[in-house]
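*Asks:* If it helps, the file is called work-v7.txt and holds compact mmCIF, C-alpha atoms:
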```txt
# COMPACT_ATOMS: atom_id res chain seq x y z
CA LYS A 1 56.69 -26.96 -5.37
CA VAL A 2 53.65 -29.02 -6.30
CA GLU A 3 50.19 -27.53 -5.78
CA THR A 4 47.07 -29.61 -5.44
CA MET A 5 43.85 -28.86 -7.32
CA ALA A 6 42.20 -27.95 -4.03
CA GLY A 7 44.90 -25.34 -3.41
CA VAL A 8 44.45 -23.90 -6.88
CA ALA A 9 40.67 -23.78 -6.45
CA GLU A 10 41.09 -22.06 -3.09
CA GLY A 11 43.40 -19.50 -4.65
CA MET A 12 40.94 -18.86 -7.48
CA ALA A 13 38.14 -18.32 -4.97
CA LYS A 14 40.22 -15.61 -3.27
CA LEU A 15 41.01 -13.93 -6.59
CA VAL A 16 39.04 -10.72 -6.88
CA LEU A 17 38.96 -8.27 -9.77
CA ALA A 18 40.60 -5.07 -8.61
CA GLU A 19 39.31 -3.03 -11.55
CA VAL A 20 36.34 -3.37 -13.89
CA TYR A 21 36.00 -1.31 -17.07
CA THR A 22 32.86 -0.09 -18.81
CA SER A 23 32.53 1.73 -22.11
CA GLU A 24 29.32 2.95 -23.71
CA SER A 25 31.03 3.11 -27.11
CA LYS A 26 33.35 0.04 -27.18
CA GLY A 27 31.78 -2.20 -24.54
CA SER A 28 29.38 -5.12 -24.76
CA ASP A 29 27.22 -6.53 -21.98
CA GLU A 30 26.98 -9.89 -23.78
CA THR A 31 30.64 -10.53 -24.67
CA GLY A 32 32.46 -8.14 -22.33
CA ASP A 33 34.45 -9.45 -19.36
CA GLY A 34 35.28 -6.15 -17.62
CA SER A 35 38.89 -5.94 -18.80
CA LYS A 36 40.36 -2.93 -20.62
CA ASP A 37 40.25 -4.88 -23.89
CA LYS A 38 36.70 -6.22 -23.43
CA PRO A 39 34.80 -3.74 -21.25
CA PHE A 40 31.15 -4.01 -20.26
CA LYS A 41 28.77 -1.59 -21.96
CA THR A 42 26.95 -0.55 -18.79
CA THR A 43 27.91 -0.02 -15.18
CA MET A 44 24.90 -2.09 -14.10
CA GLN A 45 26.19 -5.15 -15.98
CA ALA A 46 29.61 -4.70 -14.36
CA MET A 47 27.91 -4.66 -10.96
CA ARG A 48 25.81 -7.74 -11.82
CA LYS A 49 28.88 -9.73 -12.88
CA THR A 50 31.14 -8.76 -9.97
CA GLY A 51 28.61 -8.59 -7.13
CA GLU A 52 29.07 -6.78 -3.84
CA PRO A 53 31.47 -5.49 -2.61
CA PHE A 54 32.12 -3.76 -5.91
CA PRO A 55 35.67 -3.37 -7.21
CA SER A 56 36.93 -0.09 -8.66
CA ILE A 57 34.80 0.69 -11.70
CA PHE A 58 36.19 2.73 -14.57
CA VAL A 59 34.04 4.44 -17.23
CA ASP A 60 34.74 6.30 -20.49
CA SER A 61 36.78 9.42 -19.80
CA LYS A 62 35.37 12.80 -20.72
CA THR A 63 38.81 14.45 -20.80
CA GLU A 64 40.93 14.52 -23.97
CA GLY A 65 43.75 11.96 -24.12
CA GLU A 66 42.43 9.66 -21.37
CA VAL A 67 40.54 6.46 -22.18
CA TYR A 68 39.09 5.59 -18.76
CA GLU A 69 38.48 7.38 -15.49
CA PRO A 70 37.09 6.16 -12.16
CA ILE A 71 33.31 6.30 -11.86
CA SER A 72 32.05 9.36 -10.00
CA ASN A 73 30.78 8.82 -6.47
CA ALA A 74 27.33 10.14 -7.37
CA GLN A 75 27.03 7.77 -10.34
CA LYS A 76 28.34 4.84 -8.28
CA LYS A 77 25.85 5.62 -5.49
CA LYS A 78 22.98 5.82 -7.99
CA MET A 79 23.96 2.57 -9.74
CA THR A 80 24.45 0.81 -6.39
CA LYS A 81 20.95 1.86 -5.37
CA LEU A 82 19.53 0.54 -8.66
CA TYR A 83 21.52 -2.70 -8.30
CA GLN A 84 20.19 -3.27 -4.76
CA GLN A 85 16.65 -2.51 -5.96
CA GLU A 86 17.07 -5.08 -8.76
CA MET A 87 18.36 -7.68 -6.28
CA ARG A 88 15.35 -7.08 -3.98
CA LYS A 89 12.98 -7.49 -6.95
CA GLN A 90 14.65 -10.76 -7.96
CA SER A 91 14.49 -12.04 -4.39
CA LYS A 92 10.82 -11.10 -4.08
CA LYS A 93 10.04 -12.72 -7.45
CA ALA A 94 11.76 -15.94 -6.35
CA ASP A 95 9.76 -15.92 -3.09
CA VAL A 96 6.48 -15.42 -4.98
CA GLU A 97 7.34 -18.25 -7.39
CA SER A 98 8.15 -20.62 -4.52
CA ASP A 99 4.88 -19.67 -2.77
CA LYS A 100 2.96 -20.37 -5.99
CA ALA A 101 4.70 -23.73 -6.38
CA GLU A 102 3.86 -24.66 -2.78
CA ARG A 103 0.23 -23.62 -3.28
CA ARG A 104 -0.01 -25.68 -6.50
CA GLU A 105 1.40 -28.72 -4.69
CA LYS A 106 -1.09 -28.26 -1.83
CA ASN A 107 -3.99 -27.87 -4.27
CA LEU A 108 -2.86 -30.98 -6.15
CA GLU A 109 -2.71 -33.00 -2.93
CA ASP A 110 -6.17 -31.72 -1.94
CA ALA A 111 -7.53 -32.59 -5.40
CA LYS A 112 -6.19 -36.15 -5.09
CA LYS A 113 -8.26 -36.60 -1.92
CA ILE A 114 -11.53 -35.76 -3.69
CA VAL A 115 -13.51 -38.83 -4.70
CA ILE A 116 -16.68 -38.55 -6.78
CA GLU A 117 -19.12 -41.36 -6.07
CA GLU A 118 -22.42 -42.19 -7.67
CA ASP A 119 -25.46 -41.78 -5.42
CA LYS A 120 -26.95 -45.29 -5.09
CA THR A 121 -30.27 -43.99 -3.69
CA LEU A 122 -31.20 -42.47 -7.08
CA PRO A 123 -32.23 -44.51 -10.11
CA ALA A 124 -29.41 -45.85 -12.30
CA PRO A 125 -28.26 -43.29 -14.89
CA LYS A 126 -28.61 -43.87 -18.60
CA GLU A 127 -25.25 -43.68 -20.37
CA ILE A 128 -25.49 -41.41 -23.42
CA LYS A 129 -23.39 -39.43 -25.88
CA ILE A 130 -23.38 -35.63 -25.76
CA ARG A 131 -25.36 -35.37 -29.02
CA ASP A 132 -28.29 -37.13 -27.25
CA THR A 133 -28.50 -34.78 -24.24
CA VAL A 134 -31.43 -32.74 -25.59
CA LYS A 135 -33.60 -35.88 -25.99
CA ASN A 136 -32.84 -37.02 -22.44
CA ARG A 137 -33.48 -33.85 -20.43
CA VAL A 138 -35.91 -35.45 -17.99
CA VAL A 139 -33.92 -38.66 -17.47
CA ARG A 140 -30.90 -39.11 -15.17
CA VAL A 141 -27.90 -39.51 -17.49
CA LYS A 142 -24.20 -40.31 -17.34
CA VAL A 143 -21.94 -38.58 -19.88
CA SER A 144 -18.31 -39.61 -20.42
CA GLY A 145 -15.66 -37.66 -22.29
CA TRP A 146 -12.59 -35.54 -21.88
CA VAL A 147 -12.11 -31.99 -20.64
CA HIS A 148 -11.87 -29.69 -23.64
CA GLU A 149 -11.62 -26.42 -21.71
CA CYS A 150 -11.59 -25.41 -18.07
CA ARG A 151 -12.37 -21.81 -17.01
CA ARG A 152 -12.13 -20.36 -13.52
CA GLN A 153 -14.60 -17.77 -12.25
CA GLY A 154 -13.06 -16.52 -9.02
CA LYS A 155 -11.52 -18.89 -6.50
CA ASN A 156 -14.34 -21.39 -6.00
CA LEU A 157 -16.27 -21.53 -9.28
CA MET A 158 -15.07 -23.46 -12.31
CA PHE A 159 -16.68 -24.17 -15.69
CA VAL A 160 -15.72 -27.35 -17.52
CA VAL A 161 -16.39 -27.91 -21.22
CA LEU A 162 -16.71 -31.65 -21.81
CA ARG A 163 -16.22 -33.30 -25.20
CA ASP A 164 -16.82 -36.87 -26.38
CA GLY A 165 -16.38 -36.69 -30.16
CA THR A 166 -20.09 -36.08 -30.85
CA GLY A 167 -20.28 -32.59 -29.43
CA PHE A 168 -19.54 -30.23 -26.53
CA LEU A 169 -21.26 -29.95 -23.16
```
Would you write the structure of this file as C-alpha cells?
*Replies:*
Amino acid sequence: KVETMAGVAEGMAKLVLAEVYTSESKGSDETGDGSKDKPFKTTMQAMRKTGEPFPSIFVDSKTEGEVYEPISNAQKKKMTKLYQQEMRKQSKKADVESDKAERREKNLEDAKKIVIEEDKTLPAPKEIKIRDTVKNRVVRVKVSGWVHECRRQGKNLMFVVLRDGTGFL
C-alpha cells in the first residue's frame, strides 16, 4: 500500500497528543516536549504548546512510588483560566499593535500631502548659517540643515532642533 505525502500530512494533522507530562523537578519549558522522558516544567507551558482542547495533563505525583498523576481538577481549572487570560492579552496586544500601525500609515500619508511653500508677497529671505542667526534677527532669513532632534508636546505641538554643522537652532 503506497501512501501519498498529502495522506501522510492529513494523518499528522489528525494526530493529537493523548497525554502531556509536566515535572517541576525534571522538566524544562525550553527543551521539553511533553513526553514522559522530556516533560515540560510548568503546566502553563504544556497548555501553550498543545492548545485547546487540552489533552490529559500529568504532573509530579505526591504519593510514594508513583512518578506522575493526573492534574487535579482545581489546578486544571485555575491554569485554564490563566491560559485564557494570557490568550486574551495577546489578542488585545496584537489588536493595539495593528491599530498603531494603521495610525502611523495614515499619519505618514497625511504628512506626504503637506507642502511648505515660500510666501512670495514677503521680501526674499536671506540664506544664512545657524551661527549667523543672532546678527540677522530683524531680517527675514532662510536656514537649511537637518533635523537633529524632534520632541512632541501633546498631540499637536512639536519642537524641532535643526542643525547645519555650525550650530543648533
*Asks:* One number please: atom CA of A:Thr42 to atom CA of A:Asp29, in Å, one decimal.
*Replies:* 6.8 Å
*Asks:* Would you compute the distance between atom CA of A:Glu118 and atom CA of A:Val139? Give it in Å to one decimal.
*Replies:*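 For atom CA of A:Glu118 relative to atom CA of A:Val139, the distance reads 15.5 Å.
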*Asks:* What's the 8 Å shell around A:His148, counting all atoms listed in the file, without same-chain residues fewer than 5 positions away, as a ChimeraX atom specification?
*Replies:* /A:160-163
*Asks:* Just the number, please: distance in Å from atom CA of A:Met44 to atom CA of A:Lys93, one decimal.
*Replies:*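 Atom-to-atom, atom CA of A:Met44 and atom CA of A:Lys93 are spaced 19.4 Å apart.
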*Asks:* Please list as JSON, numbers by chain every residue within 12 Å of stretch 101-113 of chain A, counting all atoms listed in the file and excluding residues in the same chain fewer than 6 positions away.
*Replies:* {"A": [94, 95, 155]}
*Asks:* Would you export the selected residues with C-alpha atoms as an mmCIF file, in the coordinates of the input, please?
*Replies:*
```
data_model
loop_
_atom_site.group_PDB
_atom_site.id
_atom_site.type_symbol
_atom_site.label_atom_id
_atom_site.label_comp_id
_atom_site.auth_asym_id
_atom_site.auth_seq_id
_atom_site.Cartn_x
_atom_site.Cartn_y
_atom_site.Cartn_z
ATOM 1 C CA ALA A 94 11.760 -15.940 -6.350
ATOM 2 C CA ASP A 95 9.760 -15.920 -3.090
ATOM 3 C CA LYS A 155 -11.520 -18.890 -6.500
#
```
*Asks:* Env of A:Asp60: 12 Å cut, atoms = all atoms listed in the file, seq-sep filter 5 positions within chain, self excluded. Answer as a ChimeraX atom specification.
*Replies:* /A:20-27,36,39-43,65-72
*Asks:* Looking at all atoms listed in the file, which of A:Ala124, A:Ile57, A:Ile130, A:Ala46 is the one that sits closest to A:Ala18?
*Replies:*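 That would be A:Ile57, the residue with the smallest distance to A:Ala18.
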*Asks:* Determine the nearest neighbour of A:Leu169 from the options A:Ser98, A:Gln84, A:Ser144, A:Asn156, counting all atoms listed in the file.
*Replies:*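 Result for the nearest residue to A:Leu169: A:Ser144.
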